[in-house]
>>> print(open('start08.cif').read())   # mmCIF, C-alpha atoms
data_target
loop_
_atom_site.group_PDB
_atom_site.id
_atom_site.type_symbol
_atom_site.label_atom_id
_atom_site.label_comp_id
_atom_site.auth_asym_id
_atom_site.auth_seq_id
_atom_site.Cartn_x
_atom_site.Cartn_y
_atom_site.Cartn_z
ATOM 1 C CA MET C 2 -105.602 -0.109 54.974
ATOM 2 C CA LYS C 3 -108.938 1.663 55.375
ATOM 3 C CA ARG C 4 -108.587 5.281 54.285
ATOM 4 C CA ALA C 5 -110.600 8.448 53.725
ATOM 5 C CA LEU C 6 -109.934 11.282 51.307
ATOM 6 C CA VAL C 7 -110.197 14.770 52.800
ATOM 7 C CA PHE C 8 -110.269 18.162 51.108
ATOM 8 C CA PRO C 9 -108.966 21.521 52.381
ATOM 9 C CA GLY C 10 -110.943 24.688 53.022
ATOM 10 C CA GLN C 11 -110.365 28.402 52.633
ATOM 11 C CA GLY C 12 -107.018 29.680 53.869
ATOM 12 C CA SER C 13 -104.973 27.028 52.066
ATOM 13 C CA GLN C 14 -104.867 29.019 48.813
ATOM 14 C CA ALA C 15 -101.546 30.444 47.603
ATOM 15 C CA VAL C 16 -100.296 32.008 44.376
ATOM 16 C CA GLY C 17 -98.821 29.239 42.248
ATOM 17 C CA MET C 18 -101.338 26.657 43.428
ATOM 18 C CA GLY C 19 -101.837 23.855 40.920
ATOM 19 C CA GLN C 20 -99.162 25.087 38.531
ATOM 20 C CA ALA C 21 -96.816 22.115 38.946
ATOM 21 C CA LEU C 22 -99.753 19.751 38.453
ATOM 22 C CA ALA C 23 -100.744 21.523 35.246
ATOM 23 C CA THR C 24 -97.160 21.480 33.943
ATOM 24 C CA THR C 25 -96.832 17.757 34.614
ATOM 25 C CA PHE C 26 -100.258 16.282 33.909
ATOM 26 C CA ALA C 27 -102.707 16.810 31.033
ATOM 27 C CA GLU C 28 -105.506 15.654 33.345
ATOM 28 C CA ALA C 29 -104.870 18.592 35.680
ATOM 29 C CA ARG C 30 -104.867 21.035 32.759
ATOM 30 C CA ASP C 31 -108.208 19.603 31.640
ATOM 31 C CA VAL C 32 -109.721 20.226 35.089
ATOM 32 C CA PHE C 33 -108.529 23.837 35.158
ATOM 33 C CA GLU C 34 -109.824 24.465 31.637
ATOM 34 C CA GLU C 35 -113.249 23.064 32.520
ATOM 35 C CA VAL C 36 -113.475 25.218 35.653
ATOM 36 C CA ASP C 37 -112.448 28.315 33.694
ATOM 37 C CA GLY C 38 -115.137 27.540 31.124
ATOM 38 C CA ALA C 39 -117.823 26.921 33.743
ATOM 39 C CA LEU C 40 -117.083 30.274 35.402
ATOM 40 C CA SER C 41 -116.369 32.248 32.211
ATOM 41 C CA GLN C 42 -113.266 33.418 34.079
ATOM 42 C CA ASN C 43 -109.533 32.816 33.710
ATOM 43 C CA LEU C 44 -109.270 31.485 37.243
ATOM 44 C CA THR C 45 -106.240 29.412 36.266
ATOM 45 C CA LYS C 46 -104.194 32.538 35.514
ATOM 46 C CA LEU C 47 -105.187 34.008 38.872
ATOM 47 C CA MET C 48 -104.169 30.771 40.638
ATOM 48 C CA PHE C 49 -100.799 30.628 38.907
ATOM 49 C CA GLU C 50 -99.867 34.321 38.850
ATOM 50 C CA GLY C 51 -102.010 36.153 41.398
ATOM 51 C CA PRO C 52 -102.299 38.837 42.613
ATOM 52 C CA ALA C 53 -102.708 37.269 46.043
ATOM 53 C CA ASP C 54 -105.304 39.822 47.148
ATOM 54 C CA ASP C 55 -107.587 38.771 44.303
ATOM 55 C CA LEU C 56 -106.972 35.064 44.839
ATOM 56 C CA LYS C 57 -107.932 35.238 48.517
ATOM 57 C CA LEU C 58 -111.300 36.805 47.728
ATOM 58 C CA THR C 59 -113.871 34.263 48.858
ATOM 59 C CA GLU C 60 -115.503 33.986 45.434
ATOM 60 C CA ASN C 61 -112.141 33.093 43.854
ATOM 61 C CA ALA C 62 -110.475 31.090 46.623
ATOM 62 C CA GLN C 63 -113.356 28.631 46.953
ATOM 63 C CA PRO C 64 -113.518 27.375 43.337
ATOM 64 C CA ALA C 65 -109.715 27.583 43.055
ATOM 65 C CA LEU C 66 -109.158 25.265 45.991
ATOM 66 C CA MET C 67 -111.748 22.855 44.653
ATOM 67 C CA ALA C 68 -110.101 22.908 41.214
ATOM 68 C CA VAL C 69 -106.711 21.865 42.598
ATOM 69 C CA SER C 70 -108.313 19.140 44.715
ATOM 70 C CA MET C 71 -110.121 17.763 41.681
ATOM 71 C CA ALA C 72 -106.955 17.973 39.596
ATOM 72 C CA VAL C 73 -105.295 15.696 42.162
ATOM 73 C CA ILE C 74 -108.224 13.269 41.982
ATOM 74 C CA ARG C 75 -108.213 13.166 38.169
ATOM 75 C CA VAL C 76 -104.458 12.561 38.100
ATOM 76 C CA LEU C 77 -104.828 9.715 40.597
ATOM 77 C CA GLU C 78 -107.577 8.186 38.477
ATOM 78 C CA LYS C 79 -105.783 8.461 35.136
ATOM 79 C CA GLN C 80 -102.137 7.976 36.094
ATOM 80 C CA GLY C 81 -102.589 5.362 38.767
ATOM 81 C CA LYS C 82 -105.823 3.634 37.735
ATOM 82 C CA PHE C 83 -107.032 4.855 41.123
ATOM 83 C CA SER C 84 -110.691 4.120 41.874
ATOM 84 C CA LEU C 85 -112.143 6.110 44.750
ATOM 85 C CA PRO C 86 -114.759 3.490 45.777
ATOM 86 C CA SER C 87 -112.111 0.788 46.092
ATOM 87 C CA ALA C 88 -109.346 3.010 47.519
ATOM 88 C CA ALA C 89 -111.315 4.968 50.129
ATOM 89 C CA ALA C 90 -114.206 4.282 52.501
ATOM 90 C CA PHE C 91 -115.251 7.897 53.067
ATOM 91 C CA VAL C 92 -114.702 11.454 51.887
ATOM 92 C CA ALA C 93 -114.870 14.663 53.918
ATOM 93 C CA GLY C 94 -113.919 18.288 53.487
ATOM 94 C CA HIS C 95 -113.450 21.368 55.623
ATOM 95 C CA SER C 96 -116.211 23.896 54.831
ATOM 96 C CA LEU C 97 -115.948 24.501 51.053
ATOM 97 C CA GLY C 98 -113.895 21.287 50.974
ATOM 98 C CA GLU C 99 -117.140 19.396 51.509
ATOM 99 C CA TYR C 100 -118.107 20.416 47.959
ATOM 100 C CA SER C 101 -114.746 19.126 46.696
ATOM 101 C CA ALA C 102 -115.381 15.857 48.531
ATOM 102 C CA LEU C 103 -118.830 15.496 46.980
ATOM 103 C CA CYS C 104 -117.471 16.277 43.521
ATOM 104 C CA ALA C 105 -114.711 13.687 43.941
ATOM 105 C CA ALA C 106 -117.327 11.116 44.976
ATOM 106 C CA GLY C 107 -119.485 11.867 41.931
ATOM 107 C CA ALA C 108 -122.363 13.647 43.675
ATOM 108 C CA PHE C 109 -121.787 16.855 41.668
ATOM 109 C CA SER C 110 -120.295 17.434 38.244
ATOM 110 C CA LEU C 111 -117.097 19.479 38.132
ATOM 111 C CA SER C 112 -118.744 22.401 36.317
ATOM 112 C CA ASP C 113 -121.695 22.485 38.723
ATOM 113 C CA THR C 114 -119.334 22.408 41.707
ATOM 114 C CA ALA C 115 -117.340 25.344 40.344
ATOM 115 C CA ARG C 116 -120.470 27.411 39.763
ATOM 116 C CA LEU C 117 -121.905 26.535 43.181
ATOM 117 C CA LEU C 118 -118.724 27.580 44.935
ATOM 118 C CA LYS C 119 -118.475 30.816 42.979
ATOM 119 C CA LYS C 120 -122.036 31.625 44.028
ATOM 120 C CA ARG C 121 -121.377 30.478 47.607
ATOM 121 C CA GLY C 122 -118.323 32.715 47.850
ATOM 122 C CA GLN C 123 -120.173 35.725 46.489
ATOM 123 C CA ALA C 124 -123.179 35.121 48.756
ATOM 124 C CA MET C 125 -121.014 34.735 51.867
ATOM 125 C CA GLN C 126 -119.115 37.916 51.046
ATOM 126 C CA GLN C 127 -122.304 39.890 50.436
ATOM 127 C CA ALA C 128 -124.196 38.600 53.479
ATOM 128 C CA VAL C 129 -122.468 40.952 55.912
ATOM 129 C CA PRO C 130 -120.933 44.382 55.198
ATOM 130 C CA VAL C 131 -117.143 44.472 55.468
ATOM 131 C CA GLY C 132 -116.089 45.280 59.028
ATOM 132 C CA VAL C 133 -119.375 44.268 60.666
ATOM 133 C CA GLY C 134 -118.239 40.713 61.375
ATOM 134 C CA THR C 135 -115.015 38.810 61.901
ATOM 135 C CA MET C 136 -113.505 35.536 63.130
ATOM 136 C CA ALA C 137 -110.789 34.634 65.634
ATOM 137 C CA ALA C 138 -108.989 31.454 66.650
ATOM 138 C CA LEU C 139 -108.917 30.808 70.386
ATOM 139 C CA ILE C 140 -105.790 28.826 71.223
ATOM 140 C CA GLY C 141 -105.592 26.347 74.096
ATOM 141 C CA VAL C 142 -109.337 26.138 74.648
ATOM 142 C CA THR C 143 -111.717 23.197 74.540
ATOM 143 C CA LEU C 144 -114.916 23.433 72.540
ATOM 144 C CA GLU C 145 -116.826 23.875 75.803
ATOM 145 C CA ASP C 146 -114.493 26.709 76.857
ATOM 146 C CA ALA C 147 -115.018 28.458 73.535
ATOM 147 C CA GLN C 148 -118.781 28.055 73.669
ATOM 148 C CA LYS C 149 -118.926 29.609 77.157
ATOM 149 C CA ILE C 150 -116.626 32.476 76.165
ATOM 150 C CA ALA C 151 -118.678 33.179 73.030
ATOM 151 C CA ALA C 152 -121.955 33.099 74.945
ATOM 152 C CA ASP C 153 -120.634 35.539 77.555
ATOM 153 C CA ALA C 154 -119.231 37.829 74.868
ATOM 154 C CA ALA C 155 -122.377 37.983 72.738
ATOM 155 C CA GLN C 156 -124.285 40.531 74.857
ATOM 156 C CA GLY C 157 -127.141 40.686 72.376
ATOM 157 C CA GLN C 158 -124.911 40.300 69.319
ATOM 158 C CA VAL C 159 -123.820 37.165 67.456
ATOM 159 C CA CYS C 160 -120.777 35.281 68.730
ATOM 160 C CA THR C 161 -120.506 31.533 68.329
ATOM 161 C CA ALA C 162 -118.066 28.649 67.914
ATOM 162 C CA ALA C 163 -117.694 28.303 64.141
ATOM 163 C CA ASN C 164 -114.920 25.741 63.590
ATOM 164 C CA ASP C 165 -113.960 23.018 66.050
ATOM 165 C CA ASN C 166 -110.705 22.311 64.252
ATOM 166 C CA ALA C 167 -108.500 20.378 66.656
ATOM 167 C CA PRO C 168 -107.763 20.106 70.380
ATOM 168 C CA GLY C 169 -106.768 23.578 71.546
ATOM 169 C CA GLN C 170 -107.970 25.385 68.439
ATOM 170 C CA VAL C 171 -111.550 26.604 68.141
ATOM 171 C CA VAL C 172 -112.542 29.431 65.792
ATOM 172 C CA ILE C 173 -115.294 31.824 66.848
ATOM 173 C CA SER C 174 -117.353 33.987 64.516
ATOM 174 C CA GLY C 175 -119.797 36.863 64.797
ATOM 175 C CA HIS C 176 -120.084 40.615 65.167
ATOM 176 C CA THR C 177 -116.676 42.287 65.335
ATOM 177 C CA GLU C 178 -117.351 43.895 68.729
ATOM 178 C CA ALA C 179 -118.512 40.582 70.185
ATOM 179 C CA VAL C 180 -115.483 38.702 68.869
ATOM 180 C CA ASP C 181 -113.226 41.396 70.359
ATOM 181 C CA ARG C 182 -115.003 40.946 73.694
ATOM 182 C CA ALA C 183 -114.496 37.180 73.442
ATOM 183 C CA ILE C 184 -110.756 37.640 72.937
ATOM 184 C CA ALA C 185 -110.619 39.805 76.065
ATOM 185 C CA ILE C 186 -112.687 37.313 78.083
ATOM 186 C CA ALA C 187 -110.471 34.434 76.924
ATOM 187 C CA ALA C 188 -107.397 36.318 78.154
ATOM 188 C CA GLU C 189 -109.070 36.985 81.520
ATOM 189 C CA ARG C 190 -109.724 33.253 81.841
ATOM 190 C CA GLY C 191 -106.106 32.337 81.222
ATOM 191 C CA PHE C 192 -106.157 31.687 77.496
ATOM 192 C CA LYS C 193 -103.503 34.179 76.543
ATOM 193 C CA ARG C 194 -103.340 33.574 72.798
ATOM 194 C CA SER C 195 -106.113 34.412 70.373
ATOM 195 C CA VAL C 196 -105.599 35.225 66.711
ATOM 196 C CA LYS C 197 -107.892 37.403 64.620
ATOM 197 C CA LEU C 198 -108.252 35.702 61.236
ATOM 198 C CA PRO C 199 -107.655 37.584 57.962
ATOM 199 C CA VAL C 200 -111.160 36.902 56.657
ATOM 200 C CA SER C 201 -113.573 39.290 55.012
ATOM 201 C CA ALA C 202 -116.736 37.923 56.605
ATOM 202 C CA PRO C 203 -117.914 36.011 59.717
ATOM 203 C CA PHE C 204 -118.388 32.537 58.256
ATOM 204 C CA HIS C 205 -120.337 29.707 59.896
ATOM 205 C CA CYS C 206 -122.565 31.777 62.155
ATOM 206 C CA SER C 207 -126.149 33.041 61.957
ATOM 207 C CA LEU C 208 -125.038 36.275 60.249
ATOM 208 C CA MET C 209 -124.573 34.111 57.150
ATOM 209 C CA GLN C 210 -128.303 33.311 56.877
ATOM 210 C CA PRO C 211 -128.707 35.391 53.667
ATOM 211 C CA ALA C 212 -125.991 33.253 52.074
ATOM 212 C CA ALA C 213 -127.696 30.066 53.274
ATOM 213 C CA ASP C 214 -130.886 31.233 51.546
ATOM 214 C CA VAL C 215 -128.964 31.820 48.310
ATOM 215 C CA MET C 216 -127.418 28.348 48.468
ATOM 216 C CA ALA C 217 -130.784 26.708 49.175
ATOM 217 C CA ARG C 218 -132.064 28.134 45.888
ATOM 218 C CA ALA C 219 -128.860 27.319 43.996
ATOM 219 C CA LEU C 220 -128.802 23.711 45.164
ATOM 220 C CA GLU C 221 -132.401 23.218 44.049
ATOM 221 C CA GLU C 222 -131.242 23.851 40.479
ATOM 222 C CA VAL C 223 -128.390 21.323 40.485
ATOM 223 C CA ALA C 224 -128.521 17.554 40.096
ATOM 224 C CA ILE C 225 -127.114 15.709 43.114
ATOM 225 C CA LYS C 226 -126.340 12.009 42.799
ATOM 226 C CA ALA C 227 -125.635 9.600 45.620
ATOM 227 C CA PRO C 228 -121.856 9.738 46.257
ATOM 228 C CA CYS C 229 -119.895 6.569 45.498
ATOM 229 C CA VAL C 230 -118.754 6.529 49.147
ATOM 230 C CA PRO C 231 -120.407 8.289 52.104
ATOM 231 C CA VAL C 232 -119.404 11.839 53.003
ATOM 232 C CA ILE C 233 -118.776 12.800 56.626
ATOM 233 C CA ALA C 234 -120.849 15.972 56.884
ATOM 234 C CA ASN C 235 -119.435 19.091 58.576
ATOM 235 C CA VAL C 236 -122.538 19.950 60.570
ATOM 236 C CA THR C 237 -123.299 16.460 61.915
ATOM 237 C CA ALA C 238 -119.878 14.761 61.929
ATOM 238 C CA SER C 239 -121.663 11.663 60.630
ATOM 239 C CA ALA C 240 -121.816 9.717 57.376
ATOM 240 C CA VAL C 241 -124.425 10.633 54.769
ATOM 241 C CA SER C 242 -125.194 9.336 51.279
ATOM 242 C CA ASP C 243 -128.779 10.419 50.586
ATOM 243 C CA PRO C 244 -128.850 13.291 48.026
ATOM 244 C CA ALA C 245 -131.768 15.094 49.693
ATOM 245 C CA GLN C 246 -130.012 14.992 53.067
ATOM 246 C CA ILE C 247 -126.732 16.134 51.494
ATOM 247 C CA LYS C 248 -128.514 19.122 49.980
ATOM 248 C CA GLN C 249 -130.086 20.105 53.309
ATOM 249 C CA LEU C 250 -126.809 19.750 55.214
ATOM 250 C CA LEU C 251 -124.978 21.928 52.674
ATOM 251 C CA VAL C 252 -127.504 24.679 53.338
ATOM 252 C CA GLU C 253 -127.156 24.248 57.106
ATOM 253 C CA GLN C 254 -123.366 24.264 56.742
ATOM 254 C CA VAL C 255 -123.318 27.948 55.755
ATOM 255 C CA THR C 256 -124.498 29.037 59.222
ATOM 256 C CA GLY C 257 -123.536 25.892 61.164
ATOM 257 C CA SER C 258 -120.309 24.913 62.887
ATOM 258 C CA VAL C 259 -117.632 22.912 61.087
ATOM 259 C CA ARG C 260 -117.215 19.929 63.418
ATOM 260 C CA TRP C 261 -113.853 18.867 62.024
ATOM 261 C CA ARG C 262 -112.342 17.389 65.190
ATOM 262 C CA GLU C 263 -115.416 15.225 65.666
ATOM 263 C CA SER C 264 -115.414 14.289 61.971
ATOM 264 C CA VAL C 265 -111.878 12.912 62.195
ATOM 265 C CA LEU C 266 -112.743 10.994 65.356
ATOM 266 C CA LYS C 267 -115.872 9.609 63.667
ATOM 267 C CA MET C 268 -113.809 8.359 60.740
ATOM 268 C CA LYS C 269 -111.429 6.662 63.166
ATOM 269 C CA GLU C 270 -114.400 5.112 64.958
ATOM 270 C CA LEU C 271 -115.556 3.781 61.568
ATOM 271 C CA GLY C 272 -112.207 2.074 61.061
ATOM 272 C CA VAL C 273 -110.277 4.652 59.034
ATOM 273 C CA GLU C 274 -106.520 4.339 59.561
ATOM 274 C CA GLN C 275 -105.268 6.917 57.046
ATOM 275 C CA LEU C 276 -106.489 10.342 55.914
ATOM 276 C CA VAL C 277 -105.273 11.481 52.503
ATOM 277 C CA GLU C 278 -105.513 15.258 52.006
ATOM 278 C CA CYS C 279 -106.055 16.054 48.329
ATOM 279 C CA GLY C 280 -105.262 19.573 47.188
ATOM 280 C CA THR C 281 -103.321 22.647 48.199
ATOM 281 C CA GLY C 282 -101.347 22.723 51.453
ATOM 282 C CA SER C 283 -101.254 20.373 54.416
ATOM 283 C CA VAL C 284 -103.550 22.051 56.965
ATOM 284 C CA LEU C 285 -105.850 19.057 57.420
ATOM 285 C CA ALA C 286 -102.980 16.603 57.771
ATOM 286 C CA GLY C 287 -101.539 18.809 60.510
ATOM 287 C CA MET C 288 -104.889 18.996 62.297
ATOM 288 C CA THR C 289 -105.259 15.215 62.099
ATOM 289 C CA ARG C 290 -101.982 14.674 63.921
ATOM 290 C CA ARG C 291 -103.227 16.949 66.711
ATOM 291 C CA ILE C 292 -106.624 15.248 66.883
ATOM 292 C CA ASP C 293 -105.411 11.635 67.014
ATOM 293 C CA LYS C 294 -101.837 10.507 66.407
ATOM 294 C CA GLU C 295 -103.031 6.969 65.680
ATOM 295 C CA VAL C 296 -104.597 8.161 62.411
ATOM 296 C CA ALA C 297 -101.947 8.486 59.696
ATOM 297 C CA ALA C 298 -102.207 11.609 57.550
ATOM 298 C CA ILE C 299 -100.538 12.539 54.275
ATOM 299 C CA SER C 300 -100.997 15.409 51.812
ATOM 300 C CA LEU C 301 -101.175 15.108 48.027
ATOM 301 C CA GLY C 302 -100.654 18.399 46.245
ATOM 302 C CA THR C 303 -97.518 18.021 44.141
ATOM 303 C CA PRO C 304 -96.520 15.593 41.377
ATOM 304 C CA GLU C 305 -93.897 14.083 43.675
ATOM 305 C CA GLU C 306 -96.406 13.466 46.480
ATOM 306 C CA ILE C 307 -98.885 11.892 44.058
ATOM 307 C CA ASP C 308 -96.197 9.658 42.581
ATOM 308 C CA ALA C 309 -95.085 8.453 46.007
ATOM 309 C CA PHE C 310 -98.670 7.751 47.043
ATOM 310 C CA LEU C 311 -99.457 5.758 43.901
ATOM 311 C CA LYS C 312 -96.290 3.690 44.376
ATOM 312 C CA SER C 313 -97.389 2.941 47.950
ATOM 313 C CA LEU C 314 -100.620 1.423 46.615
ATOM 314 C CA THR C 315 -98.870 -1.117 44.374
#
>>> encode(input="start08.cif", output="structure tokens")
Amino acid sequence: MKRALVFPGQGSQAVGMGQALATTFAEARDVFEEVDGALSQNLTKLMFEGPADDLKLTENAQPALMAVSMAVIRVLEKQGKFSLPSAAAFVAGHSLGEYSALCAAGAFSLSDTARLLKKRGQAMQQAVPVGVGTMAALIGVTLEDAQKIAADAAQGQVCTAANDNAPGQVVISGHTEAVDRAIAIAAERGFKRSVKLPVSAPFHCSLMQPAADVMARALEEVAIKAPCVPVIANVTASAVSDPAQIKQLLVEQVTGSVRWRESVLKMKELGVEQLVECGTGSVLAGMTRRIDKEVAAISLGTPEEIDAFLKSLT
């Protein structure tokens, strides 16, 4: 079976994340210790015990989610003699999950990935003052619907489609007033349900340009190797392996749209039959079922799920 490994983005974090992995597997504990050391922060304690308000801060949630994803990968490698190049054809991740995917594929070291995500989270939070920007999910719309609504709502401000997640779910991002106008316009056009997202900044729109500039400088200082399998990039929904191109796309990703629906369809087009979500939660597996029911999707985040998956490989 041709498979891809996929990695969750912000919003999947929860107090207690990774704790069962750490209790069960020394390899998971080693990952968490290395991340703590790289950040000079007891992130593990925050993941296990909270408080939730601190964990959901962008600068904490991003490296925390990556840490759990990498704990899953290390457990697969050590417990199941799992080899990513032989077990998967591609990797992909939703927003920050793209860094997890690249780390899993050997493009970044674990410590570098943790530091990059800490810096990315801080830069994204600082790019726009709290309250100036926001995000909302438009339910029942196509990407084209959302793009038209956002364009009509902008009125000189920023409002754009930020995440094309799945059929009927497109997230818009921009100035708070413009996003509010978009919600009203969507309702006028028959799309009765829109959900303001509990985020602290308007991710994946041009308001994030200061954060993109920070990441351009940060990525210049980090070694990037060719991944052992291609990554399906968020901003192009196509496969990439060249380190220089990966670096450029990660910078573009900060202000660009996450083309997740197209990424899943691209992987199917390339012959992928199964997506394996590695990390906290099951958001991506759920999206996959909405995008294309012919693509199998499973989530690996607990010792039991990992054990069942490894047994399925034998």
>>> atom_distance(input="start08.cif", atom1="atom CA of Asp293 of chain C", atom2="atom CA of Val171 of chain C")
16.2 Å
>>> resolve_selection(input="start08.cif", expression="the PyMOL selection byres ((chain C and resi 186) around 12)", output="tab-separated table (two decimals) with C-alpha atoms, keeping the file's coordinate frame")
chain	number	residue	atom	x	y	z
C	139	LEU	CA	-108.92	30.81	70.39
C	146	ASP	CA	-114.49	26.71	76.86
C	147	ALA	CA	-115.02	28.46	73.54
C	148	GLN	CA	-118.78	28.06	73.67
C	149	LYS	CA	-118.93	29.61	77.16
C	150	ILE	CA	-116.63	32.48	76.17
C	151	ALA	CA	-118.68	33.18	73.03
C	152	ALA	CA	-121.96	33.10	74.94
C	153	ASP	CA	-120.63	35.54	77.56
C	154	ALA	CA	-119.23	37.83	74.87
C	155	ALA	CA	-122.38	37.98	72.74
C	179	ALA	CA	-118.51	40.58	70.18
C	180	VAL	CA	-115.48	38.70	68.87
C	181	ASP	CA	-113.23	41.40	70.36
C	182	ARG	CA	-115.00	40.95	73.69
C	183	ALA	CA	-114.50	37.18	73.44
C	184	ILE	CA	-110.76	37.64	72.94
C	185	ALA	CA	-110.62	39.80	76.06
C	187	ALA	CA	-110.47	34.43	76.92
C	188	ALA	CA	-107.40	36.32	78.15
C	189	GLU	CA	-109.07	36.98	81.52
C	190	ARG	CA	-109.72	33.25	81.84
C	191	GLY	CA	-106.11	32.34	81.22
C	192	PHE	CA	-106.16	31.69	77.50
C	193	LYS	CA	-103.50	34.18	76.54
C	194	ARG	CA	-103.34	33.57	72.80
C	195	SER	CA	-106.11	34.41	70.37
>>> resolve_selection(input="start08.cif", expression="the PyMOL selection byres ((chain C and resi 230-244) around 10)", output="PyMOL selection string")
chain C and resi 5-7+85-87+89-99+102-103+105-108+164+224-229+245-268+271
>>> residues_around(input="start08.cif", residues="Pro211 of chain C", least_positions_apart="4", cutoff="8 Å", atoms="all atoms listed in the file", output="list of chain:residue names")
C:Ala124, C:Met125, C:Ala128, C:Val215
>>> axis_aligned_box(input="start08.cif", around="segment 267-275 of chain C", padding_each_side="3 Å", output="lines of an AutoDock Vina configuration file")
center_x = -110.6
center_y = 5.8
center_z = 61.0
size_x = 16.6
size_y = 13.5
size_z = 13.9
>>> resolve_selection(input="start08.cif", expression="the PyMOL selection byres ((chain C and resi 313) around 12)", output="PDB file with C-alpha atoms, in the frame of the given file")
ATOM      1  CA  MET C   2    -105.602  -0.109  54.974  1.00  0.00           C
ATOM      2  CA  GLY C  81    -102.589   5.362  38.767  1.00  0.00           C
ATOM      3  CA  PHE C  83    -107.032   4.855  41.123  1.00  0.00           C
ATOM      4  CA  ALA C  88    -109.346   3.010  47.519  1.00  0.00           C
ATOM      5  CA  ILE C 299    -100.538  12.539  54.275  1.00  0.00           C
ATOM      6  CA  GLU C 306     -96.406  13.466  46.480  1.00  0.00           C
ATOM      7  CA  ILE C 307     -98.885  11.892  44.058  1.00  0.00           C
ATOM      8  CA  ASP C 308     -96.197   9.658  42.581  1.00  0.00           C
ATOM      9  CA  ALA C 309     -95.085   8.453  46.007  1.00  0.00           C
ATOM     10  CA  PHE C 310     -98.670   7.751  47.043  1.00  0.00           C
ATOM     11  CA  LEU C 311     -99.457   5.758  43.901  1.00  0.00           C
ATOM     12  CA  LYS C 312     -96.290   3.690  44.376  1.00  0.00           C
ATOM     13  CA  LEU C 314    -100.620   1.423  46.615  1.00  0.00           C
ATOM     14  CA  THR C 315     -98.870  -1.117  44.374  1.00  0.00           C
TER      15      THR C 315
END
>>> residues_around(input="start08.cif", residues="Arg291 of chain C", least_positions_apart="6", cutoff="10 Å", atoms="all atoms listed in the file", output="MDAnalysis selection string")
chainID C and resid 166:170 262 285
>>> atom_distance(input="start08.cif", atom1="atom CA of Gln123 of chain C", atom2="atom CA of Cys104 of chain C")
19.9 Å
>>> atom_distance(input="start08.cif", atom1="atom CA of Asn61 of chain C", atom2="atom CA of Lys46 of chain C")
11.5 Å
>>> residues_around(input="start08.cif", residues="Val73 of chain C", least_positions_apart="4", cutoff="8 Å", atoms="only C-alpha atoms", output="CSV table (one decimal) with C-alpha atoms, keeping the file's coordinate frame")
chain,number,residue,atom,x,y,z
C,22,LEU,CA,-99.8,19.8,38.5
C,29,ALA,CA,-104.9,18.6,35.7
C,69,VAL,CA,-106.7,21.9,42.6
C,77,LEU,CA,-104.8,9.7,40.6
C,279,CYS,CA,-106.1,16.1,48.3
C,280,GLY,CA,-105.3,19.6,47.2
C,301,LEU,CA,-101.2,15.1,48.0
C,302,GLY,CA,-100.7,18.4,46.2
C,307,ILE,CA,-98.9,11.9,44.1
>>> closest_residue(input="start08.cif", among="C:Gly51, C:Leu144, C:Leu117, C:Gly287", to="Ala217 of chain C", atoms="only C-alpha atoms")
C:Leu117
>>> residues_around(input="start08.cif", residues="Thr135 of chain C", least_positions_apart="4", cutoff="9 Å", atoms="all atoms listed in the file", output="count of residues only")
16
>>> closest_residue(input="start08.cif", among="C:Ser283, C:Val273, C:Ala212, C:Gly122", to="Glu295 of chain C", atoms="only C-alpha atoms")
C:Val273
>>> closest_residue(input="start08.cif", among="C:Val76, C:Ile292, C:Met18, C:Met71", to="Phe109 of chain C", atoms="all atoms listed in the file")
C:Met71
>>> closest_residue(input="start08.cif", among="C:Glu34, C:Met216, C:Met136, C:Glu28", to="Leu118 of chain C", atoms="only C-alpha atoms")
C:Met216
